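Enquirer: If you scroll down you'll find the structure; I have some questions about it.
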Amino acid sequence: IPAEGVFTEVELPDNSRVWVNNDSSITYDTEFTEDKPQRSVNLNGEACFDVESNPQQPFVVRSQHMTVTVLGTRFNVQDRGDLDESVLTLYEGRVDVEIAGETFEMTEGYELVYNRATNETAILAINTRTPHWLATPAEYTLMPLDEILTTLAAEYGVTMEFEARGKWMNDIITLNLSGAESLHQAMEMTKMLSGRFDYAIEGERVIIKTTNTN
């Protein structure tokens, strides 16, 4: 159980990874053998999961109030006894969630919030790519815009394509990120600081549309 303010990274027998938040714990088998119908993990508290894909052996997370079944994906489960809400946040892939006698099929970019006091469930869109407690802040201080865009491309696994280049790409700006921002949020912050370009995200491509080519 990690102490307050820290988290622990765990590698499971199938090479899936789990980041366990403070005052939380997981239990699991030391081996996920092929004769078992599923890979099972029990969670007390909160953890973020990055699950290796295995369609023949689903990955199941059981917490106090929900059961999450996945094949391979990245998600966060918050199910603490001292909070009224149980929350599943899905960053990648698809999962099935059983909670309060109902089953929900979740797709990436959404969060399920179950209020145990009111017995109400809500599904909300999200704009983050990692839980805030796991995010690593990034500070780009007094850097050329071109260098910042190149760094963001590597960080988010995309390519930057420029309609036109100019001296504006040498503008010096400072960009501070919490580490939890989506690509869209990071680009919006950079755009506002620069004021000299617009952009469009098309899959794994970011098209930079200049508003000032000087």
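Note on naming: chains are A, B, ... as they come in the structure tokens, residues start from 1 per chain, ligands start from 1 in the order shown.
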Could you list, with a cut-off of 12 Å and counting only C-alpha atoms, the residues of range 127-183 of chain A near range 15-25 of chain A, each shown with its nearest atom pair and the distance in Å rounded to one decimal, rows sorted by chain and ascending number, as a tab-separated table?
Expert:
```
residue	atom	partner	partner_atom	distance
A:Thr130	CA	A:Trp19	CA	11.0
A:Pro131	CA	A:Asn21	CA	10.2
A:His132	CA	A:Asn21	CA	10.9
A:Trp133	CA	A:Asn21	CA	7.6
A:Leu134	CA	A:Trp19	CA	7.9
A:Ala135	CA	A:Trp19	CA	11.3
```
Enquirer: Can you work out which one of A:Ile126, A:Thr118, A:Leu90, A:Glu31 has the shortest atom-to-atom distance to Met106 in chain A, counting only C-alpha atoms?
Expert: A:Leu90
Enquirer: Would you pick out the contacts of Ala117 in chain A at 9 Å or less, using only C-alpha atoms, so that residues sharing its chain but fewer than 3 positions from it are not included, and give the list as a PyMOL selection string?
Expert: chain A and resi 84-85+114+120
Enquirer: Taking 6 positions as the minimum chain separation for residues in the same chain, which residues sit within 7 Å of Val97 in chain A when counting only C-alpha atoms? Answer as a list in words.
Expert: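 With the cut-off at 7 Å, the set is Met66, Thr67, Val68, Thr69, Thr103, Phe104 and Glu105 of chain A.
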Enquirer: Find, counting only C-alpha atoms, the residue in A:Asp171, A:Glu11, A:Asp79, A:Glu46 that gets nearest to Leu142 in chain A.
Expert: A:Asp171
Enquirer: I'd like the neighbourhood of Val158 in chain A as number ranges by chain, where a residue qualifies if any of its atoms comes within 12 Å (using only C-alpha atoms), though same-chain residues fewer than 4 positions away should be ignored.
Expert: A: 149-154, 183-184, 187, 201-207
Enquirer: Taking the DSSP assignment computed from this structure's backbone, write out as number ranges by chain all residues of range 8-202 of chain A that belong to strand (DSSP E).
Expert: A: 8-11, 17-20, 25-28, 39-50, 59-62, 66-70, 74-79, 85-92, 94-99, 102-107, 110-115, 120-125, 138-144, 159-162, 172-177, 197-202
Enquirer: Hey, which of A:Asp35, A:Glu98, A:Glu9, A:Asp82 ends up closest to Arg62 in chain A? Count only C-alpha atoms.
Expert: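 Among the listed residues, the smallest separation from Arg62 in chain A belongs to A:Glu98.
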Enquirer: Write down as a list of chain:residue names the residues belonging to range 2-211 of chain A that are assigned alpha helix (DSSP H) by DSSP computed on the backbone.
Expert: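 Matching residues for alpha helix (DSSP H) in range 2-211 of chain A are A:Leu145, A:Asp146, A:Glu147, A:Ile148, A:Leu149, A:Thr150, A:Thr151, A:Leu152, A:Ala153, A:Ala154, A:Glu155, A:Tyr156, A:Leu183, A:His184, A:Gln185, A:Ala186, A:Met187, A:Glu188, A:Met189, A:Thr190, A:Lys191, A:Met192, A:Leu193, A:Ser194.
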Enquirer: From the options A:Leu177, A:His65, A:Asn119, A:Asp96, which residue's atoms come nearest to Thr141 in chain A, counting only C-alpha atoms?
Expert: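 Among the listed residues, the smallest separation from Thr141 in chain A belongs to A:Leu177.
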Enquirer: With only C-alpha atoms as the counted atoms, please give the residues lying no more than 6 Å from Val70 in chain A, apart from itself and same-chain residues fewer than 4 positions off, as a compact mmCIF listing (two decimals) with C-alpha atoms, in the first residue's frame.
Expert:
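Writing done, so here's around_36.txt:
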```
# COMPACT_ATOMS: atom_id res chain seq x y z
CA PRO A 58 -10.22 -11.24 -20.56
CA PHE A 59 -8.80 -9.02 -17.82
CA VAL A 95 -14.58 -2.02 -21.39
```
Enquirer: Pick the closest to Ser63 in chain A from A:Thr27, A:Gln185, A:Glu92, A:Thr121: which is it, counting only C-alpha atoms?
Expert: A:Thr27
Enquirer: Rounded to one decimal, what separation in Å do you get between CA of Gly72 in chain A and CA of Lys36 in chain A?
Expert: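 Calculated distance between CA of Gly72 in chain A and CA of Lys36 in chain A is 16.9 Å.
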Enquirer: With only C-alpha atoms as the basis for distance, which of A:Ile26, A:Ala47, A:Val87, A:Leu193 is at the shortest distance from Phe7 in chain A?
Expert: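 That would be A:Ala47, the residue with the smallest distance to Phe7 in chain A.
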Enquirer: Report, in Å to a single decimal, how far apart CA of Asn170 in chain A and CA of Pro144 in chain A are.
Expert: 4.9 Å
